[in-house]
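**Q** Right, I'll just put the structure down here and ask away after.
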There are 2 protein chains.
Amino acid sequence: MRRSASANMPRYKLTIAYDGTSFHGWQKQHPPGEEPLRTVQGVMEEAIVAVVREPVHLVGASRTDSGVHARGQAAAFDTQNEIPMDRLPRAVNSRLPDDVQVLSAEIVAGDFNPISDAIAKGYRYTIAHSTINGGEMPLFDRHLVAWTVYTLDAARMNEAAQHFVGERDFASFTRKHHGRESTVRTVHECKVEAVDQFRINIDISGGGFLYNMVRIIAGTLLEVGRGKLEPGAIAGIIEARDRASAGPTMPPEGLCLMWVKYPGSAQPA
Amino acid sequence: MRRSASANMPRYKLTIAYDGTSFHGWQKQHPPGEEPLRTVQGVMEEAIVAVVREPVHLVGASRTDSGVHARGQAAAFDTQNEIPMDRLPRAVNSRLPDDVQVLSAEIVAGDFNPISDAIAKGYRYTIAHSTINGGEMPLFDRHLVAWTVYTLDAARMNEAAQHFVGERDFASFTRKHHGRESTVRTVHECKVEAVDQFRINIDISGGGFLYNMVRIIAGTLLEVGRGKLEPGAIAGIIEARDRASAGPTMPPEGLCLMWVKYPGSAQPA
């Protein structure tokens with residue numbers, strides 16, 4: 001994101017939540033000869049334009065995939081129109097559909113970049129399980145969780161999860177032709193907890209994530225949770241630097257971008 | 001529901017859960033010259049027919065409205081095909097879309113009637129509130145709750161709710177031309193509780209309910225919760241026997257049929 005065009009042109013940072021079910025992900029997409037796809041960026045820009053009455057370009061911290069949710073996506077845009085910060089969320093929300101909303105807004109420095117300035121991100125992956133043992137298939141939250149017929153052992157998964165913490169080469173946990181120079185990333189925390197008898201949360205935070213990294217980590221932890229892999233096997237899977245050694249890529253609906261942290265901002269809860 | 005055609009023709013009782021968002025209610029509807037509407041009864045009968053391979057008629061305990069949910073609807077059908085009870089839910093579920101599911105199945109007496117044999121029903125009405133004071137509009141559960149900008153006082157609502165308990169004439173709490181002979185019903189329990197800072201549950205159970213009764217009771221309790229009505233005002237509203245004296249009819253999405261009780265069945269939790 002370029003420095004804003006003039007010192008008089010304020011840059012706004014928004015914190016955004018969305019139910020990704022009916023979006024083709026964050027990033028605007030316009031297939032040639034077809035209608036533009038419905039994306040969070042596209043829908044958000046339309047609503048902001050209706051408020052500030054000039055073209056805007058909204059840059060998001062994370063390009064979430066189709067079907068992935070967010071409770072704390074960060075994004076920034078410039079406008080010549082000065083809008084009172086306390087009114088901005090409500091003004092934009094009144095022009096948004098019911099599956100996306102602005103949680104808060106603030107004015108940031110003219111060189112703030114939501115992508116490169118992010119120092120950490122937190123994701124949650126939720127799995128519904130235990131259906132054989134009396135649990136039910138997810139119904140009311142079926143768009144918000146992944147589902148497995150296996151009964152998962154959260155403590156075992158949490159033990160395995162600790163192998164991901166630290167600076168690691170995550171080449172086994174992204175698609176083969178990822179197009180990134182380096183597959184080394186730092187995971188700050190990876191915690192697996194049972195919400196109740198039928199839901200498990202995987203909370204993972206780190207400095208940055210490769211494409212599909214959280215969904216492949218979730219798939220690998222699932223194999224530990226159902227007993228197919230030992231918790232200690234994770235070390236070898238990381239060492240292998242081979243996508244084929246890790247578990248399956250879990251579906252998008254279980255994934256949620258929880259927060260994006262910037263220098264000086266309060267530590268997310 | 002008529003007595004089953006022969007002593008050899010077993011009657012099955014199903015307990016069913018559904019997300020009512022995309023259904024035109026429980027009851028089959030076929031507008032002349034149009035496609036049949038998507039209803040729970042219609043979708044369920046199709047799935048059961050695919051399993052038992054003969055026409056079935058499924059009778060539900062409660063004709064839930066369009067958009068209303070169920071966690072414990074009861075329904076019954078007859079078939080000449082004997083199906084093992086432990087396999088029936090899974091066999092039907094595998095033919096159902098993802099917004100409705102069979103929770104359990106049992107064989108019942110040939111004269112069991114899911115409507116007239118029901119001795120009590122429990123409903124829950126959920127309201128999201130407090131949005132002015134830092135709460136957010138419902139996003140991930142927006143199809144499962146009603147929403148109000150007012151901040152509600154659950155204790156005050158619970159005090160008011162006690163006026164509904166007992167045998168009362170609920171003429172103020174149904175639409176004017178309801179077509180029922182009597183508007184006297186017995187409410188066993190009516191409890192209002194805060195789930196957290198932003199969600200309130202109204203749990204109401206009773207021997208029977210008039211059309212829109214729970215949704216109008218919820219609307220009246222909302223007026224108490226936001227301070228527009230005193231808790232003691234409920235007595236007068238009941239006495240008035242006039243729809244105009246009660247609060248608004250709340251929207252369907254906040255309502256859920258939790259359970260239906262029959263003689264001899266265990267008391268629902």
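Ligands are numbered from 1 in the order shown, chains are lettered A, B, ... in the order of the structure tokens, and residues start at 1 in each chain.
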Set out as CSV a contact list for chain A and chain B with a cut-off of 7 Å, giving each residue of chain A that qualifies its closest atom pair and distance in Å to one decimal, counting only C-alpha atoms, ordered by chain and rising residue number.
**A**
```
residue,atom,partner,partner_atom,distance
A:Asp19,CA,B:Phe140,CA,6.1
A:Asp98,CA,B:Leu139,CA,6.9
A:Asp99,CA,B:Leu139,CA,6.1
A:Leu139,CA,B:Asp99,CA,6.1
A:Phe140,CA,B:Asp19,CA,6.1
```
**Q** Kindly export the residues of the current selection with N, CA, C and O atoms, as a CSV table (one decimal), in the first residue's frame.
**A**
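For reference, selection.csv as written:
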```
chain,number,residue,atom,x,y,z
A,19,ASP,N,-18.8,-13.5,8.0
A,19,ASP,CA,-19.2,-14.9,7.8
A,19,ASP,C,-18.8,-15.2,6.4
A,19,ASP,O,-19.5,-14.7,5.4
A,98,ASP,N,-25.8,-8.4,5.6
A,98,ASP,CA,-25.7,-8.8,7.0
A,98,ASP,C,-24.7,-9.8,7.3
A,98,ASP,O,-24.6,-10.3,8.5
A,99,ASP,N,-23.8,-10.2,6.4
A,99,ASP,CA,-22.8,-11.2,6.6
A,99,ASP,C,-21.4,-10.6,6.7
A,99,ASP,O,-20.4,-11.3,6.8
A,139,LEU,N,-25.3,-28.8,13.0
A,139,LEU,CA,-26.5,-28.3,12.3
A,139,LEU,C,-26.5,-26.8,12.3
A,139,LEU,O,-26.3,-26.1,11.2
A,140,PHE,N,-26.7,-26.2,13.4
A,140,PHE,CA,-26.9,-24.7,13.5
A,140,PHE,C,-25.6,-24.0,13.2
A,140,PHE,O,-25.6,-22.8,12.7
```
**Q** Please list as a list in words every residue within 10 Å of Glu46 in chain A, counting only C-alpha atoms and excluding residues in the same chain fewer than 5 positions away.
**A**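 Returned residues: Val40, Gln41, Val51, Arg53, Pro55, Val56, His57, Val92, Arg95 and Leu96 of chain A.
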**Q** The selected residues should be written to file as a tab-separated table (two decimals), in the first residue's frame (atoms: N, CA, C and O atoms).
**A**
```tsv
chain	number	residue	atom	x	y	z
A	40	VAL	N	-15.38	-10.08	-0.12
A	40	VAL	CA	-15.47	-9.14	1.01
A	40	VAL	C	-14.90	-7.78	0.59
A	40	VAL	O	-15.51	-6.74	0.85
A	41	GLN	N	-13.76	-7.80	-0.07
A	41	GLN	CA	-13.16	-6.54	-0.51
A	41	GLN	C	-14.12	-5.76	-1.41
A	41	GLN	O	-14.31	-4.55	-1.22
A	51	VAL	N	-20.31	5.97	1.37
A	51	VAL	CA	-20.18	6.88	2.50
A	51	VAL	C	-19.27	8.07	2.14
A	51	VAL	O	-19.63	9.22	2.37
A	53	ARG	N	-18.10	8.93	-0.91
A	53	ARG	CA	-18.44	9.47	-2.23
A	53	ARG	C	-17.23	9.78	-3.09
A	53	ARG	O	-17.15	10.84	-3.74
A	55	PRO	N	-13.88	7.21	-5.17
A	55	PRO	CA	-13.35	5.85	-5.31
A	55	PRO	C	-12.37	5.53	-4.19
A	55	PRO	O	-11.60	6.41	-3.78
A	56	VAL	N	-12.42	4.32	-3.66
A	56	VAL	CA	-11.46	3.92	-2.63
A	56	VAL	C	-10.88	2.56	-2.99
A	56	VAL	O	-11.50	1.76	-3.70
A	57	HIS	N	-9.68	2.31	-2.47
A	57	HIS	CA	-9.06	1.00	-2.61
A	57	HIS	C	-8.79	0.50	-1.20
A	57	HIS	O	-8.06	1.14	-0.44
A	92	VAL	N	-20.85	2.89	7.51
A	92	VAL	CA	-20.51	1.83	6.56
A	92	VAL	C	-21.42	0.62	6.78
A	92	VAL	O	-21.96	0.05	5.83
A	95	ARG	N	-24.72	0.30	5.14
A	95	ARG	CA	-24.69	0.02	3.70
A	95	ARG	C	-24.15	-1.37	3.38
A	95	ARG	O	-23.95	-1.71	2.22
A	96	LEU	N	-23.89	-2.17	4.41
A	96	LEU	CA	-23.34	-3.51	4.21
A	96	LEU	C	-24.42	-4.58	4.31
A	96	LEU	O	-25.39	-4.41	5.06
```
**Q** Counting only C-alpha atoms, which residues of range 206-258 of chain B sit at most 7 Å from some atom of range 169-189 of chain B, and what is each one's closest atom pair with its distance in Å to one decimal, listed by chain and rising residue number, as CSV?
**A**
```
residue,atom,partner,partner_atom,distance
B:Gly206,CA,B:Val187,CA,4.1
B:Gly207,CA,B:Thr186,CA,5.6
B:Gly208,CA,B:Arg185,CA,6.1
B:Phe209,CA,B:Arg185,CA,6.7
B:Leu210,CA,B:Thr174,CA,6.1
B:Tyr211,CA,B:Thr174,CA,5.6
B:Asn212,CA,B:Thr174,CA,5.6
B:Met213,CA,B:Phe173,CA,5.1
B:Ile216,CA,B:Phe173,CA,5.6
B:Ile217,CA,B:Phe173,CA,6.5
B:Ile237,CA,B:Ser172,CA,6.8
B:Ile238,CA,B:Ser172,CA,6.1
B:Ala240,CA,B:Ser172,CA,6.9
B:Arg241,CA,B:Ser172,CA,4.5
B:Asp242,CA,B:Ser172,CA,4.4
B:Arg243,CA,B:Ser172,CA,4.0
B:Ser245,CA,B:Ser172,CA,6.7
B:Ala246,CA,B:Ser172,CA,6.1
```
**Q** Using DSSP on the backbone coordinates, identify all residues within range 22-136 of chain B classified as alpha helix (DSSP H); present the result as number ranges by chain.
**A** B: 40-52, 88-93
**Q** Could you save the residues just selected, with all heavy atoms, as a compact mmCIF listing (two decimals), in the first residue's frame?
**A**
```txt
# COMPACT_ATOMS: atom_id res chain seq x y z
N VAL B 40 -40.12 -28.49 5.74
CA VAL B 40 -39.48 -29.58 6.47
C VAL B 40 -40.24 -30.88 6.23
O VAL B 40 -39.63 -31.93 5.94
CB VAL B 40 -39.40 -29.27 7.98
CG1 VAL B 40 -38.66 -30.40 8.71
CG2 VAL B 40 -38.72 -27.94 8.24
N GLN B 41 -41.57 -30.81 6.31
CA GLN B 41 -42.37 -32.01 6.09
C GLN B 41 -42.11 -32.60 4.70
O GLN B 41 -41.89 -33.82 4.56
CB GLN B 41 -43.86 -31.66 6.22
CG GLN B 41 -44.79 -32.85 6.21
CD GLN B 41 -46.26 -32.44 6.25
OE1 GLN B 41 -46.64 -31.40 5.71
NE2 GLN B 41 -47.08 -33.25 6.90
N GLY B 42 -42.07 -31.75 3.70
CA GLY B 42 -41.84 -32.21 2.33
C GLY B 42 -40.48 -32.86 2.15
O GLY B 42 -40.36 -33.96 1.58
N VAL B 43 -39.43 -32.20 2.66
CA VAL B 43 -38.06 -32.70 2.54
C VAL B 43 -37.90 -34.01 3.32
O VAL B 43 -37.28 -34.97 2.86
CB VAL B 43 -37.07 -31.62 3.03
CG1 VAL B 43 -35.71 -32.20 3.35
CG2 VAL B 43 -36.95 -30.50 1.99
N MET B 44 -38.51 -34.06 4.52
CA MET B 44 -38.43 -35.26 5.36
C MET B 44 -39.14 -36.44 4.69
O MET B 44 -38.62 -37.56 4.68
CB MET B 44 -39.08 -35.01 6.73
CG MET B 44 -38.26 -34.24 7.73
SD MET B 44 -36.79 -35.14 8.31
CE MET B 44 -37.50 -36.71 8.76
N GLU B 45 -40.34 -36.19 4.17
CA GLU B 45 -41.09 -37.29 3.53
C GLU B 45 -40.31 -37.86 2.36
O GLU B 45 -40.25 -39.09 2.17
CB GLU B 45 -42.48 -36.82 3.09
CG GLU B 45 -43.44 -36.66 4.27
CD GLU B 45 -44.86 -36.29 3.84
OE1 GLU B 45 -45.09 -36.07 2.63
OE2 GLU B 45 -45.75 -36.23 4.71
N GLU B 46 -39.70 -37.00 1.56
CA GLU B 46 -38.89 -37.47 0.42
C GLU B 46 -37.77 -38.39 0.89
O GLU B 46 -37.51 -39.43 0.27
CB GLU B 46 -38.24 -36.28 -0.28
CG GLU B 46 -38.96 -35.83 -1.53
CD GLU B 46 -38.22 -34.67 -2.19
OE1 GLU B 46 -37.05 -34.86 -2.58
OE2 GLU B 46 -38.81 -33.58 -2.27
N ALA B 47 -37.09 -38.01 1.97
CA ALA B 47 -35.96 -38.81 2.47
C ALA B 47 -36.45 -40.14 3.02
O ALA B 47 -35.83 -41.18 2.82
CB ALA B 47 -35.18 -38.02 3.53
N ILE B 48 -37.59 -40.11 3.74
CA ILE B 48 -38.12 -41.35 4.31
C ILE B 48 -38.58 -42.30 3.20
O ILE B 48 -38.32 -43.51 3.24
CB ILE B 48 -39.28 -41.05 5.30
CG1 ILE B 48 -38.76 -40.24 6.49
CG2 ILE B 48 -39.93 -42.34 5.79
CD1 ILE B 48 -39.86 -39.64 7.36
N VAL B 49 -39.24 -41.74 2.19
CA VAL B 49 -39.69 -42.55 1.05
C VAL B 49 -38.50 -43.25 0.39
O VAL B 49 -38.57 -44.43 0.02
CB VAL B 49 -40.46 -41.68 0.03
CG1 VAL B 49 -40.62 -42.40 -1.30
CG2 VAL B 49 -41.83 -41.30 0.59
N ALA B 50 -37.38 -42.55 0.28
CA ALA B 50 -36.19 -43.14 -0.33
C ALA B 50 -35.66 -44.31 0.49
O ALA B 50 -35.03 -45.22 -0.04
CB ALA B 50 -35.10 -42.07 -0.50
N VAL B 51 -35.94 -44.31 1.80
CA VAL B 51 -35.48 -45.40 2.67
C VAL B 51 -36.50 -46.55 2.68
O VAL B 51 -36.13 -47.71 2.50
CB VAL B 51 -35.24 -44.89 4.11
CG1 VAL B 51 -34.96 -46.06 5.05
CG2 VAL B 51 -34.09 -43.89 4.13
N VAL B 52 -37.78 -46.25 2.88
CA VAL B 52 -38.77 -47.32 3.05
C VAL B 52 -39.40 -47.76 1.72
O VAL B 52 -40.07 -48.79 1.64
CB VAL B 52 -39.89 -46.94 4.05
CG1 VAL B 52 -39.27 -46.58 5.40
CG2 VAL B 52 -40.76 -45.81 3.53
N LEU B 88 -32.23 -46.45 11.41
CA LEU B 88 -33.17 -45.53 10.76
C LEU B 88 -32.67 -44.08 10.71
O LEU B 88 -32.67 -43.47 9.64
CB LEU B 88 -34.55 -45.62 11.43
CG LEU B 88 -35.65 -44.77 10.82
CD1 LEU B 88 -35.87 -45.09 9.35
CD2 LEU B 88 -36.97 -44.93 11.58
N PRO B 89 -32.20 -43.50 11.84
CA PRO B 89 -31.76 -42.10 11.76
C PRO B 89 -30.67 -41.90 10.72
O PRO B 89 -30.75 -41.00 9.88
CB PRO B 89 -31.24 -41.80 13.17
CG PRO B 89 -31.99 -42.75 14.05
CD PRO B 89 -32.15 -44.00 13.23
N ARG B 90 -29.65 -42.77 10.72
CA ARG B 90 -28.55 -42.58 9.78
C ARG B 90 -29.00 -42.77 8.34
O ARG B 90 -28.58 -42.06 7.44
CB ARG B 90 -27.39 -43.52 10.13
CG ARG B 90 -26.10 -43.11 9.42
CD ARG B 90 -24.87 -43.73 10.00
NE ARG B 90 -24.68 -43.35 11.39
CZ ARG B 90 -23.67 -43.79 12.14
NH1 ARG B 90 -22.80 -44.62 11.64
NH2 ARG B 90 -23.55 -43.39 13.39
N ALA B 91 -29.89 -43.76 8.10
CA ALA B 91 -30.37 -44.01 6.74
C ALA B 91 -31.14 -42.80 6.21
O ALA B 91 -30.95 -42.39 5.06
CB ALA B 91 -31.28 -45.25 6.73
N VAL B 92 -31.99 -42.21 7.04
CA VAL B 92 -32.74 -41.03 6.60
C VAL B 92 -31.80 -39.82 6.48
O VAL B 92 -31.86 -39.08 5.49
CB VAL B 92 -33.91 -40.72 7.56
CG1 VAL B 92 -34.63 -39.44 7.16
CG2 VAL B 92 -34.90 -41.90 7.60
N ASN B 93 -30.91 -39.64 7.46
CA ASN B 93 -30.01 -38.49 7.43
C ASN B 93 -29.14 -38.46 6.18
O ASN B 93 -28.84 -37.39 5.66
CB ASN B 93 -29.11 -38.47 8.68
CG ASN B 93 -29.86 -37.99 9.91
OD1 ASN B 93 -30.89 -37.31 9.79
ND2 ASN B 93 -29.38 -38.34 11.08
```
**Q** Write out as number ranges by chain all residues of range 12-209 of chain B that DSSP puts in strand (DSSP E or B) for this structure's backbone.
**A** B: 12-18, 59-60, 69-78, 100-108, 120-128, 146-147, 166-169, 184-196, 199-206
**Q** Rounded to one decimal in Å, what is the spacing between CA of Pro252 in chain A and CA of Val68 in chain A?
**A** 5.1 Å
